[in-house]
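To start, the structure under review is shown below, and the notes come after it.
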Amino acid sequence: MLNKIIGDFGENQVAKLYKKNGYKILARNFSCRMGELDIVAIKHDIIAVIEVKTRKNQNFAQAKEFVDYKKQNRIKTTTMIFLQKNNLSDNIVRFDVAEVYTETNTINIIENAF
């Protein structure tokens, strides 16, 4: 329960930041049998698929380290399904990782993370 609240907080902060930077949010928490996408946003012809990792701090490890190869492949497969369902296959796709640290209220966006 607490993890969901913290995760939702991080996703809300990241969505606000992308909107502020001119992106339109296409989907939040899109899920299918292959996996889930935290945030899908578009600006011009670029679709950003954003994996949000929220942590208290970096003491244990950086949040981006939790997006391993297996997770990346699930995100890519789920993205293909999302694009087909929404007739967006002609767009350029970028995979970002957003690290949210609640202790310092810091957001670190890693564009083209994988």
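Labeling convention for the structure tokens: chains A, B, ... as they appear, residues from 1 per chain, ligands from 1 in order of appearance.
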Query raised in the report: So which residues touch Ile75 (chain A) within 9 Å, counting only C-alpha atoms, skipping near sequence neighbours fewer than 4 positions away, as JSON, numbers by chain?
Result: {"A": [34, 35, 36, 37, 49, 51, 70, 71, 79, 80, 95]}
Output file for the residues above (N, CA, C and O atoms, as a short mmCIF file (atom, residue, chain, number, x, y, z; two decimals), in the first residue's frame):
data_model
loop_
_atom_site.label_atom_id
_atom_site.label_comp_id
_atom_site.auth_asym_id
_atom_site.auth_seq_id
_atom_site.Cartn_x
_atom_site.Cartn_y
_atom_site.Cartn_z
N MET A 34 1.65 -8.29 -21.39
CA MET A 34 3.11 -8.29 -21.46
C MET A 34 3.77 -7.43 -20.38
O MET A 34 4.92 -7.63 -20.06
N GLY A 35 3.03 -6.45 -19.87
CA GLY A 35 3.64 -5.58 -18.86
C GLY A 35 2.88 -4.28 -18.70
O GLY A 35 1.73 -4.15 -19.14
N GLU A 36 3.56 -3.31 -18.11
CA GLU A 36 2.94 -2.01 -17.84
C GLU A 36 3.90 -0.89 -18.22
O GLU A 36 5.11 -1.02 -18.08
N LEU A 37 3.32 0.21 -18.70
CA LEU A 37 4.07 1.43 -18.99
C LEU A 37 3.61 2.49 -17.99
O LEU A 37 2.42 2.77 -17.87
N VAL A 49 8.49 7.08 -23.66
CA VAL A 49 7.97 6.06 -22.76
C VAL A 49 8.81 6.17 -21.50
O VAL A 49 10.03 5.98 -21.54
N GLU A 51 9.76 5.24 -17.67
CA GLU A 51 9.73 4.32 -16.53
C GLU A 51 10.12 5.14 -15.30
O GLU A 51 11.20 5.74 -15.26
N LYS A 70 15.96 -7.30 -18.47
CA LYS A 70 14.67 -7.99 -18.56
C LYS A 70 13.51 -6.99 -18.53
O LYS A 70 12.57 -7.08 -19.31
N LYS A 71 13.60 -6.02 -17.62
CA LYS A 71 12.56 -4.98 -17.50
C LYS A 71 12.52 -4.14 -18.78
O LYS A 71 11.44 -3.81 -19.28
N THR A 79 5.42 -1.47 -25.24
CA THR A 79 5.35 -0.25 -26.06
C THR A 79 4.88 -0.58 -27.46
O THR A 79 4.04 0.15 -28.02
N MET A 80 5.37 -1.65 -28.05
CA MET A 80 4.92 -2.04 -29.39
C MET A 80 3.42 -2.28 -29.41
O MET A 80 2.72 -1.86 -30.34
N PHE A 95 12.99 5.90 -24.94
CA PHE A 95 12.76 5.30 -23.63
C PHE A 95 13.54 6.08 -22.57
O PHE A 95 14.76 6.14 -22.63
#
Report task. Could you give me, as a ChimeraX atom specification, the residues within 12 Å of Ile5 (chain A), counting only C-alpha atoms and dropping anything in the same chain fewer than 4 positions from it? Result -> /A:1,9-12,54-55,102
Query raised in the report: Taking only C-alpha atoms into account, which of A:Phe66, A:Phe30, A:Phe82, A:Tyr101 comes nearest Gln13 (chain A)?
Result: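 Closest candidate: A:Tyr101.
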Report task. Could you check which of A:Asp38, A:Asp68, A:Asp90, A:Glu111 is closest to Asp8 (chain A), using only C-alpha atoms? Result -> A:Asp38
Requested in this report: Apply DSSP to the backbone of this structure and, from region 62-106 of chain A, keep only the residues in strand (DSSP E or B); write these as a VMD selection string.
Outcome: chain A and resid 92 to 101 106
Dump as an mmCIF file, in the first residue's frame, selection limited to C-alpha atoms:
data_model
loop_
_atom_site.group_PDB
_atom_site.id
_atom_site.type_symbol
_atom_site.label_atom_id
_atom_site.label_comp_id
_atom_site.auth_asym_id
_atom_site.auth_seq_id
_atom_site.Cartn_x
_atom_site.Cartn_y
_atom_site.Cartn_z
ATOM 1 C CA ILE A 92 9.866 8.017 -33.126
ATOM 2 C CA VAL A 93 10.052 6.323 -29.716
ATOM 3 C CA ARG A 94 12.414 7.202 -26.902
ATOM 4 C CA PHE A 95 12.758 5.303 -23.629
ATOM 5 C CA ASP A 96 13.406 7.471 -20.580
ATOM 6 C CA VAL A 97 13.969 6.602 -16.946
ATOM 7 C CA ALA A 98 12.851 9.115 -14.333
ATOM 8 C CA GLU A 99 14.429 8.824 -10.903
ATOM 9 C CA VAL A 100 12.432 10.461 -8.120
ATOM 10 C CA TYR A 101 14.039 10.860 -4.692
ATOM 11 C CA THR A 106 14.768 15.582 -6.715
#
Query - Å distance separating CA of Asn105 (chain A) from CA of Ile6 (chain A), one decimal place - result: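 Going from CA of Asn105 (chain A) over to CA of Ile6 (chain A) covers 12.3 Å.
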Requested in this report: Would you work out the distance separating CA of Lys53 (chain A) from CA of Ile25 (chain A), expressed in Å to one decimal?
Outcome: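 One can read the CA of Lys53 (chain A) to CA of Ile25 (chain A) distance as 17.8 Å.
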Query raised in the report: For the atom pair CA of Asn108 (chain A) and CA of Val52 (chain A), what is the interatomic distance in Å to one decimal place?
Result: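 About the pair CA of Asn108 (chain A) and CA of Val52 (chain A): they are 10.0 Å apart.
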Report task. Enumerate as a ChimeraX atom specification all residues of region 10-113 of chain A assigned to alpha helix (DSSP H) by DSSP on the backbone, naming them with the chain letters and numbers the document uses. Result -> /A:10-20,69-85
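Nearest-residue note for His44 (chain A): choosing from A:Asn91, A:Lys76, A:Lys16, A:Ile109, the minimum distance belongs to A:Asn91, counting only C-alpha atoms.
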